[in-house]
Structures are given as C-alpha cells and as structure tokens.
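**Student:** Sharing final_12.txt here; it has compact mmCIF, C-alpha atoms and all ligand atoms.
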# COMPACT_ATOMS: atom_id res chain seq x y z
CA MET A 1 -30.83 32.38 5.98
CA THR A 2 -32.96 33.28 2.99
CA ASP A 3 -30.91 30.91 0.86
CA SER A 4 -31.89 27.86 2.91
CA LYS A 5 -35.49 29.04 2.91
CA ARG A 6 -35.45 29.12 -0.85
CA LYS A 7 -34.02 25.61 -0.89
CA ASP A 8 -36.79 24.40 1.43
CA THR A 9 -39.37 25.82 -0.94
CA ARG A 10 -37.64 24.19 -3.89
CA LEU A 11 -37.79 20.87 -2.02
CA VAL A 12 -41.57 21.20 -1.90
CA HIS A 13 -42.09 22.38 -5.48
CA GLY A 14 -39.31 20.65 -7.40
CA GLY A 15 -40.41 18.41 -10.28
CA ARG A 16 -44.13 18.87 -9.72
CA ARG A 17 -45.17 19.56 -13.30
CA LYS A 18 -48.90 19.42 -13.81
CA GLU A 19 -48.63 17.46 -17.06
CA TRP A 20 -47.10 14.62 -15.01
CA THR A 21 -49.28 14.79 -11.90
CA PHE A 22 -52.66 15.60 -13.53
CA GLY A 23 -53.24 18.04 -10.68
CA ILE A 24 -52.63 15.47 -7.94
CA VAL A 25 -49.90 16.46 -5.46
CA ASN A 26 -47.61 13.51 -6.25
CA PRO A 27 -46.95 11.90 -9.64
CA PRO A 28 -48.38 8.43 -10.22
CA VAL A 29 -46.02 5.44 -10.17
CA PHE A 30 -45.70 4.52 -13.83
CA HIS A 31 -44.66 0.93 -14.46
CA ALA A 32 -43.53 1.07 -18.06
CA SER A 33 -41.39 -0.47 -20.73
CA THR A 34 -43.16 0.26 -24.03
CA VAL A 35 -44.36 3.74 -24.86
CA LEU A 36 -46.85 3.77 -27.73
CA PHE A 37 -46.78 6.21 -30.65
CA ASP A 38 -49.52 6.84 -33.24
CA THR A 39 -47.35 8.13 -36.04
CA VAL A 40 -43.79 7.81 -37.31
CA ALA A 41 -43.39 11.56 -36.87
CA GLU A 42 -44.32 11.34 -33.17
CA LEU A 43 -41.90 8.49 -32.64
CA LYS A 44 -39.10 10.44 -34.30
CA ALA A 45 -39.87 13.56 -32.28
CA ALA A 46 -39.78 11.55 -29.04
CA ALA A 47 -36.40 10.06 -29.96
CA SER A 48 -34.89 13.52 -30.29
CA LYS A 49 -35.68 14.42 -26.66
CA ARG A 50 -35.66 11.00 -25.06
CA ASP A 51 -33.93 12.13 -21.85
CA GLU A 52 -36.66 14.60 -21.05
CA SER A 53 -39.94 13.16 -22.25
CA LEU A 54 -41.58 9.79 -22.92
CA TYR A 55 -39.70 7.52 -25.33
CA TYR A 56 -39.00 4.12 -23.73
CA GLY A 57 -39.33 2.95 -20.11
CA ARG A 58 -35.60 2.66 -19.52
CA ARG A 59 -35.07 6.30 -20.53
CA GLY A 60 -37.61 7.58 -18.03
CA THR A 61 -41.26 7.98 -17.09
CA PRO A 62 -43.09 10.92 -15.53
CA THR A 63 -42.23 9.36 -12.14
CA THR A 64 -38.48 9.38 -12.83
CA PHE A 65 -38.54 12.75 -14.62
CA ALA A 66 -40.21 14.26 -11.55
CA LEU A 67 -37.43 13.03 -9.23
CA ALA A 68 -34.63 13.96 -11.64
CA ASP A 69 -36.09 17.44 -12.16
CA ALA A 70 -36.54 17.99 -8.43
CA LEU A 71 -32.90 17.05 -7.80
CA THR A 72 -31.74 19.37 -10.58
CA GLU A 73 -33.78 22.26 -9.20
CA ILE A 74 -32.55 21.72 -5.65
CA SER A 75 -28.89 21.40 -6.58
CA GLY A 76 -28.78 24.11 -9.23
CA GLY A 77 -27.32 21.84 -11.94
CA ALA A 78 -28.40 21.53 -15.58
CA GLY A 79 -29.78 17.98 -15.48
CA THR A 80 -29.86 14.76 -13.46
CA VAL A 81 -29.45 11.08 -14.34
CA LEU A 82 -30.83 8.43 -11.97
CA TYR A 83 -29.14 5.10 -11.24
CA PRO A 84 -30.25 1.99 -9.30
CA SER A 85 -27.73 2.61 -6.48
CA GLY A 86 -25.29 5.24 -5.25
CA LEU A 87 -22.36 3.12 -6.36
CA ALA A 88 -23.91 2.72 -9.82
CA ALA A 89 -24.15 6.53 -10.03
CA LEU A 90 -20.45 6.90 -9.19
CA THR A 91 -19.25 4.19 -11.56
CA GLY A 92 -21.72 5.13 -14.31
CA ALA A 93 -20.73 8.80 -14.19
CA ILE A 94 -17.00 8.00 -14.27
CA LEU A 95 -17.39 5.49 -17.12
CA ALA A 96 -19.26 8.08 -19.17
CA PHE A 97 -16.14 10.28 -19.28
CA VAL A 98 -12.99 8.13 -19.28
CA GLU A 99 -11.27 6.13 -22.01
CA ALA A 100 -8.19 3.89 -22.27
CA GLY A 101 -5.04 5.91 -21.62
CA ASP A 102 -6.76 8.37 -19.29
CA HIS A 103 -5.68 9.19 -15.75
CA ILE A 104 -7.94 10.17 -12.86
CA LEU A 105 -7.24 11.61 -9.41
CA VAL A 106 -9.22 10.24 -6.47
CA THR A 107 -9.13 11.34 -2.84
CA ASP A 108 -7.44 8.86 -0.51
CA SER A 109 -10.45 9.19 1.83
CA VAL A 110 -12.86 7.90 -0.83
CA TYR A 111 -15.76 5.51 -0.18
CA ASP A 112 -14.12 2.10 -0.34
CA PRO A 113 -16.25 0.49 -3.10
CA THR A 114 -15.38 3.45 -5.37
CA ARG A 115 -11.71 2.69 -4.74
CA ALA A 116 -12.24 -0.99 -5.59
CA PHE A 117 -13.91 0.00 -8.88
CA CYS A 118 -10.97 2.26 -9.82
CA ASP A 119 -8.27 -0.22 -8.78
CA GLN A 120 -9.80 -3.26 -10.38
CA MET A 121 -12.26 -2.43 -13.12
CA LEU A 122 -10.95 0.91 -14.44
CA ARG A 123 -7.42 -0.43 -14.40
CA ARG A 124 -8.51 -3.34 -16.61
CA TYR A 125 -9.84 -0.83 -19.12
CA GLY A 126 -6.55 1.06 -19.19
CA VAL A 127 -7.53 3.96 -16.93
CA GLU A 128 -4.97 4.79 -14.24
CA THR A 129 -5.94 6.13 -10.80
CA THR A 130 -3.72 8.18 -8.49
CA TYR A 131 -4.90 8.73 -4.91
CA TYR A 132 -4.15 12.08 -3.31
CA ASP A 133 -4.13 13.51 0.21
CA PRO A 134 -7.70 14.76 0.87
CA LEU A 135 -6.20 17.94 2.41
CA ILE A 136 -4.05 18.71 -0.66
CA GLY A 137 -6.07 21.76 -1.79
CA GLY A 138 -4.47 23.67 -4.65
CA GLY A 139 -1.43 21.39 -4.41
CA ILE A 140 -3.39 18.99 -6.59
CA ALA A 141 -1.96 20.94 -9.55
CA ASP A 142 1.34 19.03 -9.12
CA LEU A 143 -0.44 15.70 -9.65
CA ILE A 144 -2.39 16.66 -12.76
CA ARG A 145 -1.02 15.18 -16.00
CA PRO A 146 -1.86 16.00 -19.61
CA ASN A 147 -4.14 12.91 -19.67
CA THR A 148 -5.89 13.62 -16.33
CA ARG A 149 -9.55 13.50 -17.23
CA LEU A 150 -11.17 14.12 -13.87
CA VAL A 151 -10.61 14.71 -10.17
CA LEU A 152 -12.96 12.95 -7.75
CA VAL A 153 -13.58 14.66 -4.41
CA GLU A 154 -15.66 13.44 -1.48
CA ALA A 155 -16.22 15.81 1.40
CA PRO A 156 -16.18 14.85 4.11
CA GLY A 157 -14.42 11.59 3.29
CA SER A 158 -15.98 8.26 4.10
CA LEU A 159 -15.03 7.11 7.61
CA THR A 160 -12.18 9.54 8.25
CA MET A 161 -14.25 12.68 7.53
CA GLU A 162 -11.60 15.06 6.14
CA VAL A 163 -13.24 18.11 4.54
CA GLN A 164 -11.70 19.02 1.20
CA ASP A 165 -10.95 22.47 -0.21
CA ILE A 166 -13.08 21.96 -3.30
CA PRO A 167 -12.79 25.50 -4.77
CA ALA A 168 -8.96 25.23 -4.71
CA ILE A 169 -9.02 21.74 -6.24
CA ALA A 170 -11.57 22.82 -8.88
CA ALA A 171 -9.50 25.87 -9.87
CA ALA A 172 -6.43 23.69 -10.48
CA ALA A 173 -8.42 20.99 -12.28
CA HIS A 174 -10.20 23.44 -14.57
CA ASP A 175 -6.91 25.23 -15.38
CA ALA A 176 -5.65 21.91 -16.70
CA GLY A 177 -8.87 21.04 -18.56
CA ALA A 178 -9.95 18.31 -16.10
CA LEU A 179 -13.46 17.93 -14.68
CA VAL A 180 -14.40 17.79 -10.99
CA PHE A 181 -16.69 15.00 -9.80
CA MET A 182 -17.98 15.03 -6.24
CA ASP A 183 -19.58 12.45 -3.99
CA ASN A 184 -21.88 14.85 -2.11
CA THR A 185 -23.84 12.19 -0.23
CA TRP A 186 -22.98 13.45 3.28
CA ALA A 187 -23.99 17.09 2.95
CA THR A 188 -26.62 16.70 0.21
CA PRO A 189 -27.34 19.79 -1.94
CA LEU A 190 -28.97 21.36 1.13
CA PHE A 191 -25.73 21.75 3.08
CA PHE A 192 -23.20 22.00 0.23
CA ASP A 193 -23.80 23.85 -3.02
CA ALA A 194 -21.50 21.77 -5.23
CA PHE A 195 -21.93 23.80 -8.42
CA ALA A 196 -21.20 27.12 -6.71
CA HIS A 197 -17.89 25.63 -5.52
CA GLY A 198 -16.65 24.45 -8.91
CA VAL A 199 -18.01 20.90 -9.16
CA ASP A 200 -19.03 19.71 -12.64
CA VAL A 201 -20.79 16.46 -11.71
CA SER A 202 -22.35 16.05 -8.25
CA ILE A 203 -23.19 12.49 -7.21
CA LEU A 204 -25.54 11.40 -4.44
CA ALA A 205 -26.27 8.02 -2.92
CA LEU A 206 -30.01 8.75 -2.65
CA THR A 207 -30.11 5.53 -0.60
CA LYS A 208 -28.93 7.62 2.35
CA TYR A 209 -30.71 10.85 3.29
CA VAL A 210 -32.98 11.34 0.29
CA VAL A 211 -34.72 7.97 0.60
CA GLY A 212 -34.17 8.48 4.32
CA HIS A 213 -36.01 5.41 5.61
CA ALA A 214 -33.59 2.55 4.80
CA ASP A 215 -36.06 0.99 2.38
CA ALA A 216 -34.70 1.60 -1.13
CA MET A 217 -31.41 1.87 -3.04
CA MET A 218 -30.80 4.61 -5.58
CA GLY A 219 -28.26 7.08 -6.87
CA ALA A 220 -28.16 10.27 -8.90
CA ALA A 221 -25.60 12.28 -10.82
CA THR A 222 -26.38 15.92 -11.53
CA ALA A 223 -24.22 17.74 -14.07
CA ASN A 224 -23.64 21.32 -15.08
CA GLN A 225 -24.21 22.35 -18.71
CA LYS A 226 -20.62 21.53 -19.66
CA ALA A 227 -20.87 17.87 -18.56
CA LEU A 228 -24.54 16.99 -19.04
CA ASN A 229 -24.57 15.61 -22.59
CA ARG A 230 -21.67 13.28 -21.98
CA LEU A 231 -23.18 12.09 -18.68
CA ARG A 232 -26.52 11.32 -20.34
CA GLN A 233 -24.86 9.64 -23.28
CA GLY A 234 -22.93 7.32 -20.95
CA ALA A 235 -26.07 6.48 -18.99
CA GLY A 236 -27.82 5.69 -22.27
CA PHE A 237 -25.05 3.26 -23.25
CA LEU A 238 -25.01 1.46 -19.89
CA GLY A 239 -28.77 1.14 -19.54
CA ASN A 240 -29.15 1.30 -15.77
CA CYS A 241 -32.53 2.45 -14.54
CA PRO A 242 -34.10 2.49 -11.07
CA ALA A 243 -37.43 0.75 -10.46
CA PRO A 244 -40.56 2.94 -10.36
CA ASP A 245 -41.72 2.12 -6.83
CA ASP A 246 -38.26 2.98 -5.51
CA VAL A 247 -38.23 6.23 -7.46
CA TYR A 248 -41.52 7.11 -5.80
CA LEU A 249 -40.03 6.40 -2.35
CA ALA A 250 -37.05 8.64 -3.12
CA LEU A 251 -39.32 11.45 -4.30
CA ARG A 252 -41.44 11.11 -1.18
CA GLY A 253 -38.31 11.14 1.00
CA LEU A 254 -36.97 14.21 -0.77
CA ARG A 255 -39.95 16.35 0.31
CA THR A 256 -39.02 16.01 4.00
CA LEU A 257 -35.24 15.98 3.55
CA SER A 258 -34.74 19.39 5.09
CA VAL A 259 -36.61 18.82 8.35
CA ARG A 260 -35.07 15.38 8.83
CA LEU A 261 -31.58 16.63 8.06
CA ARG A 262 -31.87 19.49 10.55
CA GLN A 263 -32.86 17.06 13.29
CA HIS A 264 -30.03 14.67 12.38
CA GLU A 265 -27.71 17.70 12.48
CA ALA A 266 -28.84 18.96 15.89
CA SER A 267 -28.75 15.54 17.56
CA ALA A 268 -25.43 14.56 15.98
CA LEU A 269 -23.78 17.81 17.08
CA GLN A 270 -25.04 17.37 20.62
CA ILE A 271 -23.76 13.80 20.78
CA ALA A 272 -20.44 14.56 19.03
CA LYS A 273 -19.70 17.27 21.62
CA TRP A 274 -20.65 14.91 24.45
CA ILE A 275 -18.37 12.19 23.04
CA ALA A 276 -15.50 14.69 22.69
CA GLU A 277 -15.57 15.15 26.49
CA ARG A 278 -15.34 11.43 27.23
CA PRO A 279 -12.08 10.24 28.81
CA GLU A 280 -12.12 7.13 26.57
CA VAL A 281 -11.93 9.24 23.40
CA ASP A 282 -8.83 10.50 21.61
CA HIS A 283 -10.63 12.81 19.19
CA VAL A 284 -13.91 13.24 17.32
CA ARG A 285 -14.05 13.60 13.55
CA HIS A 286 -17.17 15.65 12.98
CA PRO A 287 -16.72 18.42 10.36
CA ALA A 288 -18.33 21.01 12.65
CA LEU A 289 -15.79 20.36 15.44
CA PRO A 290 -12.26 21.85 15.32
CA THR A 291 -10.70 18.39 15.84
CA CYS A 292 -11.85 17.33 12.36
CA PRO A 293 -9.26 17.79 9.60
CA GLY A 294 -10.59 20.44 7.23
CA HIS A 295 -12.93 21.99 9.83
CA GLU A 296 -12.02 25.54 8.69
CA VAL A 297 -12.98 24.66 5.11
CA TRP A 298 -16.27 23.21 6.36
CA LYS A 299 -16.99 26.51 8.15
CA ARG A 300 -16.23 28.48 5.01
CA ASP A 301 -18.06 26.37 2.41
CA PHE A 302 -20.81 24.28 4.04
CA THR A 303 -24.12 25.49 5.46
CA GLY A 304 -24.74 22.57 7.80
CA SER A 305 -23.69 19.14 8.96
CA SER A 306 -25.53 15.84 8.82
CA GLY A 307 -25.83 12.88 11.16
CA LEU A 308 -22.71 10.86 10.29
CA PHE A 309 -19.37 11.25 12.06
CA SER A 310 -16.61 9.15 13.54
CA PHE A 311 -14.27 9.15 16.51
CA VAL A 312 -10.98 7.57 17.47
CA PRO A 313 -11.07 5.93 20.90
CA LYS A 314 -7.99 6.01 23.14
CA ASN A 315 -5.93 2.80 23.24
CA GLY A 316 -8.38 1.27 20.77
CA THR A 317 -8.05 -2.49 20.58
CA GLU A 318 -10.28 -4.74 18.50
CA ARG A 319 -11.49 -6.37 21.72
CA ALA A 320 -12.51 -3.09 23.35
CA VAL A 321 -14.16 -1.70 20.20
CA THR A 322 -16.07 -4.98 19.82
CA ALA A 323 -17.27 -4.69 23.42
CA PHE A 324 -18.40 -1.13 22.68
CA LEU A 325 -20.41 -2.23 19.63
CA GLU A 326 -22.02 -5.40 20.95
CA GLY A 327 -24.96 -5.02 23.31
CA MET A 328 -26.28 -1.68 22.06
CA GLU A 329 -29.95 -0.94 22.55
CA HIS A 330 -30.43 1.80 19.96
CA PHE A 331 -27.30 1.87 17.78
CA LYS A 332 -27.55 -1.09 15.42
CA MET A 333 -24.68 -2.50 13.38
CA GLY A 334 -25.06 -2.50 9.61
CA PHE A 335 -24.02 -0.78 6.40
CA SER A 336 -25.46 2.33 4.87
CA TRP A 337 -26.79 5.30 6.88
CA GLY A 338 -29.09 8.25 6.38
CA GLY A 339 -32.21 6.44 7.56
CA TYR A 340 -34.22 7.50 10.62
CA GLU A 341 -32.39 5.00 12.82
CA SER A 342 -29.02 5.19 14.59
CA LEU A 343 -26.15 2.97 13.49
CA ALA A 344 -22.65 2.18 14.74
CA LEU A 345 -19.76 0.46 12.98
CA GLY A 346 -16.17 -0.29 13.95
CA TYR A 347 -13.32 -0.01 11.45
CA PHE A 348 -10.24 -1.93 12.50
CA SER A 349 -7.96 -1.53 9.47
CA VAL A 350 -8.42 1.99 8.13
CA ASP A 351 -4.68 1.96 7.28
CA LYS A 352 -5.28 -0.72 4.62
CA ALA A 353 -7.76 1.49 2.79
CA ARG A 354 -5.12 4.21 2.28
CA THR A 355 -2.29 4.50 -0.20
CA ALA A 356 -1.40 8.22 -0.36
CA THR A 357 -1.60 9.19 3.31
CA PRO A 358 -0.77 6.91 6.24
CA TRP A 359 -3.40 6.21 8.92
CA THR A 360 -1.76 5.55 12.27
CA ALA A 361 -4.59 6.40 14.68
CA GLY A 362 -5.82 2.81 15.10
CA PRO A 363 -9.45 1.66 15.07
CA LEU A 364 -12.22 4.10 14.39
CA ILE A 365 -15.88 4.03 15.37
CA ARG A 366 -18.43 5.57 13.01
CA LEU A 367 -21.86 6.61 14.21
CA HIS A 368 -24.96 7.63 12.37
CA ILE A 369 -27.26 9.63 14.63
CA GLY A 370 -30.88 8.88 13.86
CA LEU A 371 -34.07 10.57 14.95
CA GLU A 372 -34.35 8.96 18.39
CA ASP A 373 -34.26 11.21 21.49
CA PRO A 374 -30.56 12.11 21.92
CA GLU A 375 -30.79 11.47 25.68
CA ASP A 376 -31.62 7.81 25.02
CA LEU A 377 -28.72 7.64 22.57
CA LYS A 378 -26.31 9.11 25.14
CA GLU A 379 -27.41 6.56 27.74
CA ASP A 380 -26.78 3.81 25.18
CA LEU A 381 -23.32 5.23 24.45
CA ASP A 382 -22.57 5.64 28.16
CA ARG A 383 -23.13 1.90 28.65
CA ALA A 384 -21.01 1.21 25.54
CA PHE A 385 -18.11 3.23 26.96
CA ALA A 386 -18.41 1.28 30.23
CA ARG A 387 -18.11 -2.00 28.27
CA TYR A 388 -15.18 -0.46 26.40
CA ARG A 389 -13.30 0.38 29.61
CA ALA A 390 -13.98 -3.05 31.06
CA ALA A 391 -12.53 -4.73 27.95
CA LEU A 392 -9.29 -2.71 27.84
C1 LIG B 401 -23.39 4.49 0.65
C2 LIG B 401 -22.49 5.37 -0.11
C3 LIG B 401 -22.37 5.23 -1.48
C4 LIG B 401 -23.04 4.12 -2.25
O1 LIG B 401 -24.42 4.14 -2.20
P1 LIG B 401 -25.27 2.78 -2.42
O2 LIG B 401 -26.62 3.26 -2.71
O3 LIG B 401 -25.13 1.98 -1.17
O4 LIG B 401 -24.65 2.07 -3.61
C5 LIG B 401 -21.55 6.11 -2.14
N1 LIG B 401 -20.88 7.08 -1.49
C6 LIG B 401 -20.98 7.24 -0.17
C7 LIG B 401 -20.23 8.34 0.49
C8 LIG B 401 -21.78 6.40 0.57
O5 LIG B 401 -21.85 6.54 1.89
Spit out the file's structure as structure tokens when you get a sec.
Ligand SMILES: *Cc1c(COP(=O)(O)O)cnc(C)c1O

**Tutor:**
Amino acid sequence: MTDSKRKDTRLVHGGRRKEWTFGIVNPPVFHASTVLFDTVAELKAAASKRDESLYYGRRGTPTTFALADALTEISGGAGTVLYPSGLAALTGAILAFVEAGDHILVTDSVYDPTRAFCDQMLRRYGVETTYYDPLIGGGIADLIRPNTRLVLVEAPGSLTMEVQDIPAIAAAAHDAGALVFMDNTWATPLFFDAFAHGVDVSILALTKYVVGHADAMMGAATANQKALNRLRQGAGFLGNCPAPDDVYLALRGLRTLSVRLRQHEASALQIAKWIAERPEVDHVRHPALPTCPGHEVWKRDFTGSSGLFSFVPKNGTERAVTAFLEGMEHFKMGFSWGGYESLALGYFSVDKARTATPWTAGPLIRLHIGLEDPEDLKEDLDRAFARYRAAL
C-alpha cells in the first residue's frame, strides 16, 4: 500500500531537522538543565515558544524535540509530549484535562495500572470513572453524562484483546462534547491511524515497540490541534521529562519500527494460527483471527497486527498453566513486551480486573512473539503444551 510506504519514509525522515543534527544523521544526546541567554529579549522570546525550542532542560532539548517531532509526523497529530514511562503518559494526559466533579469513561479491558490510577488517585481528586463494555460501540452514548470529560479507549484491550469500534465511540463522544483518548501501544501509529478514526489524544508506551529492545522506559501523548495546548499545559505543570540517553534509544528504535513490527506480525500470525489448531486450546484472542472479539472492526480499521496476543486454554487450571509457563527455553516470563525477545505470562484472575463485563473463561495465557525463528518458538510451545496436558 502506498500509505504504508509513506509511513516508512516518514519513519526515516521524521524529526531530522538540520539545525538540531548539524548535518549528522542522528541528533546529539544533549544533557541539559540550564539554557543560557545573552539578552533579556532572547530569554523572553524563548519563553513564548518553550515547547518547541530551547528554554530549559525540562521543557526539551534538540534530542527530545527530534523524537517528539518524529512521532507527530508519523502519527499525523499536531504535537507530541514525552513522558518518562507509558503509564506516566496516560496519567499525565488524563490529569491535564480533568477537574473535580468530572466523569470519565474507561474501557473495561483497560491496562490494569491505568484502572488503578482511575479508581484510587482520580477518585481522591473527585473525578468519577465508569467502566464500559469494550464492544459497546455507539452504545456509549447512553453512558455519557453532561460532566463526561473524556472517553478512554484501548484497542485491542490489554490481555483480553477486544478490538473497539473507535469511530462509533468517537462520534458519540464528540456529539456530547467529550474528548477521545486512546492507548495505541499495541498497533502503534503504523498499524492504526488514531487521528483518522476520531481520536483526540493518542498515547503510546514507547517502552514497547518504539524502544523495541527492552532497555528503556518512555511514553508519549500526541494530540490533535483541539487538544494540544491543554496537553502541553498539563505536562508543564507536572514536570515529567524523560532522560536524554533514553530519548536517544527511543529515537534509534523508531527508525527500524516498521521492519521489526512486520516481522513480529508475520511470526505472531503464524504461531497464533498454529495454537488455534491445538487440542489443548479453547480459543485464540488475536485481532487478526475471527475468534477475537472485535475482529471485524480490526479488519475494517487497522492495517496490521503486532506480536502480542493471548489464548484461553481448555480446562485451564492454575497448576496446568504454571506447568506450561515453567521450563520454557525461549519464552521468558516477565512484564512489558515489544522487545526483540519472546515472552509468556499467565493470568489467573482476569475476572477480578473487570467490573462492567464478566469474564468467565478462566485463566488466560498471553504471549509476545519476538524475533526468534518461529519454528524454534513452536517447538518450545509444543513442549509447553505437553507439560500442560501432563499437569491436568
Ligand atoms: C506497558 C503498557 C503501558 C505502560 O507502559 P510503561 O512504559 O510500562 O509505563 C501502557 N499501556 C499498555 C497497553 C501497555 O502495555
């Protein structure tokens, strides 16, 4: 598709302004707090555009501007704010927009730490959260109140992988004057064009595919013109800023995002289809497979799939899932994903992370398919399924 080709080119060119790189391919890593000014007039001029040029280290350096600009160019937004982690991007973006007495709508399939922030911290500040069925679509209109400030979507959802009808949700939200925030970490801007589907603020855990090598934490929120000033203002109040060496790693990772993502996609699809045929498996939740809730929406709105998916094993007991997970050669156990390496995690109480929609399917296994040879990964999984059967 010409569209993806254009995105690939943008990945190579994004943020590479000569005034920041001095003609070198990559920008230098600026370690900076103080920026020096010769005149009062220069200092005042810098203050008036402190989110886009040199003012003070916390507000950005050529290294951070290069990454933020590249992300803006790739996603088609109006501007990007960087944060020291993906979670900080989610919480920082939400805090920039809500106030006491507000109400927000959050998908029941949301990343669990985001839920904890809403239930515990936002509640303390007088902001109420209602969780909604991720498959609600335009039905979200019935849940919107006069004080609903924003609707948070995440597609596919963490762990359970439901794909949401974002255009339908955005239409209802915008009709009522609410904004749409999206956690777009799974698809990245390469496989889901958030702004073309009605999102106002698109949030990425850069820690995952953009950094891509499991060696730095970072987040970003990209806003459209309507939301950008408020987003930047909130970030200015909170004062989070990522460290320069990490920003450099994220920028370096970004340049190869497309080729890595396509390999994650191909290997994950191959393995998801292989798992779907296994007698030990009830169903696979991979957005590109028809057994995933919201698959039709994925086909309509997304241009690819990444390396993370989950499956529900048959008769899943904690003992059998534990036997599956322990003794792997290639799939390691640990949080995060999006690096070059394969990961596996078991989730034994998905039902407890839900309040709007019941989860009755039992334990779930989530895999991240890395860049190893998929045949080696299948052999590893074959042995895991044998351990699973033996432990039933
Ligand atoms: C990992 C993750 C985050 C948080 O990112 P961190 O950099 O670990 O804080 C947010 N959303 C989703 C969907 C994630 O998987």

**Student:** How would you write, as a list in words, the set of residues no farther than 8 Å from ligand LIG 401 (chain B) when counting all atoms listed in the file?

**Tutor:**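 Every residue with an atom at most 8 Å from ligand LIG 401 (chain B) is listed here: Pro84, Ser85, Gly86, Leu87, Ala88, Ala89, Leu90, Val110, Tyr111, Pro113, Thr114, Glu154, Gly157, Ser158, Asp183, Asn184, Thr185, Trp186, Leu204, Ala205, Leu206, Thr207, Lys208, Met217, Met218, Gly219, Phe335, Ser336 and Trp337 of chain A.
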
**Student:** Taking all atoms of range 130-148 of chain A that the file lists, what box with edges along x, y and z, padded by 5 Å per side, do you get, with centre and edge lengths in Å to one decimal, as JSON?

**Tutor:**
{"center_x": -3.2, "center_y": 15.9, "center_z": -8.6, "size_x": 19.0, "size_y": 25.5, "size_z": 32.1}

**Student:** Between A:Gln263, A:Asn315, A:Thr39, A:Ser310, which has the minimum distance to Met161 in chain A (counting all atoms listed in the file)?

**Tutor:**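 Using all atoms listed in the file, Met161 in chain A sits closest to A:Ser310.
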
**Student:** Which is closest to Pro156 in chain A among A:Val297, A:Ala172, A:Val211, A:Val350, if we use only C-alpha atoms?

**Tutor:**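 Answer, going by the shortest atom-to-atom distance: A:Val297.
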
**Student:** If you count all atoms listed in the file, which residues fall within 8 Å of range 125-138 of chain A, apart from same-chain ones fewer than 3 positions away, as a ChimeraX atom specification?

**Tutor:** /A:98-109,118-119,121-122,141,153,157,162-166,168-169,171-172,293-294,355-357

**Student:** For those residues, write C-alpha atoms to a file as a compact mmCIF listing (two decimals), keeping the file's coordinate frame.

**Tutor:**
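Written out: part16.txt:
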# COMPACT_ATOMS: atom_id res chain seq x y z
CA VAL A 98 -12.99 8.13 -19.28
CA GLU A 99 -11.27 6.13 -22.01
CA ALA A 100 -8.19 3.89 -22.27
CA GLY A 101 -5.04 5.91 -21.62
CA ASP A 102 -6.76 8.37 -19.29
CA HIS A 103 -5.68 9.19 -15.75
CA ILE A 104 -7.94 10.17 -12.86
CA LEU A 105 -7.24 11.61 -9.41
CA VAL A 106 -9.22 10.24 -6.47
CA THR A 107 -9.13 11.34 -2.84
CA ASP A 108 -7.44 8.86 -0.51
CA SER A 109 -10.45 9.19 1.83
CA CYS A 118 -10.97 2.26 -9.82
CA ASP A 119 -8.27 -0.22 -8.78
CA MET A 121 -12.26 -2.43 -13.12
CA LEU A 122 -10.95 0.91 -14.44
CA ALA A 141 -1.96 20.94 -9.55
CA VAL A 153 -13.58 14.66 -4.41
CA GLY A 157 -14.42 11.59 3.29
CA GLU A 162 -11.60 15.06 6.14
CA VAL A 163 -13.24 18.11 4.54
CA GLN A 164 -11.70 19.02 1.20
CA ASP A 165 -10.95 22.47 -0.21
CA ILE A 166 -13.08 21.96 -3.30
CA ALA A 168 -8.96 25.23 -4.71
CA ILE A 169 -9.02 21.74 -6.24
CA ALA A 171 -9.50 25.87 -9.87
CA ALA A 172 -6.43 23.69 -10.48
CA PRO A 293 -9.26 17.79 9.60
CA GLY A 294 -10.59 20.44 7.23
CA THR A 355 -2.29 4.50 -0.20
CA ALA A 356 -1.40 8.22 -0.36
CA THR A 357 -1.60 9.19 3.31

**Student:** Rounded to one decimal place, report the CA of Met333 in chain A-CA of Ser258 in chain A distance in Å.

**Tutor:**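 Atom-to-atom, CA of Met333 in chain A to CA of Ser258 in chain A, that is 25.5 Å.
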
**Student:** Taking into account only C-alpha atoms, which residue in the set A:Leu251, A:Ile365, A:Ala116, A:Arg383 is nearest to Asp282 in chain A?

**Tutor:**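 Of the candidates, the smallest distance to Asp282 in chain A is held by A:Ile365.
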
**Student:** What's around Ala386 in chain A at 10 Å? Count only C-alpha atoms, leave out sequence neighbours fewer than 4 positions away in its own chain, and write the answer as a short mmCIF file (atom, residue, chain, number, x, y, z; two decimals) with C-alpha atoms, in the coordinates of the input.

**Tutor:**
data_model
loop_
_atom_site.label_atom_id
_atom_site.label_comp_id
_atom_site.auth_asym_id
_atom_site.auth_seq_id
_atom_site.Cartn_x
_atom_site.Cartn_y
_atom_site.Cartn_z
CA GLU A 280 -12.12 7.13 26.57
CA ALA A 323 -17.27 -4.69 23.42
CA PHE A 324 -18.40 -1.13 22.68
CA LEU A 381 -23.32 5.23 24.45
CA ASP A 382 -22.57 5.64 28.16
CA ALA A 390 -13.98 -3.05 31.06
CA ALA A 391 -12.53 -4.73 27.95
#

**Student:** Let me make sure I understand: among A:Asp8, A:Asp200, A:Glu296, A:Asp112, which one has the smallest atom-to-atom distance to Ala353 in chain A if we use all atoms listed in the file?

**Tutor:**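 Closest residue, counting all atoms listed in the file: A:Asp112.
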
**Student:** For a test of reading the model, state the distance in Å between CA of Leu190 in chain A and CA of Leu257 in chain A, rounded to one decimal.

**Tutor:**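 Straight-line distance from CA of Leu190 in chain A to CA of Leu257 in chain A works out to 8.6 Å.
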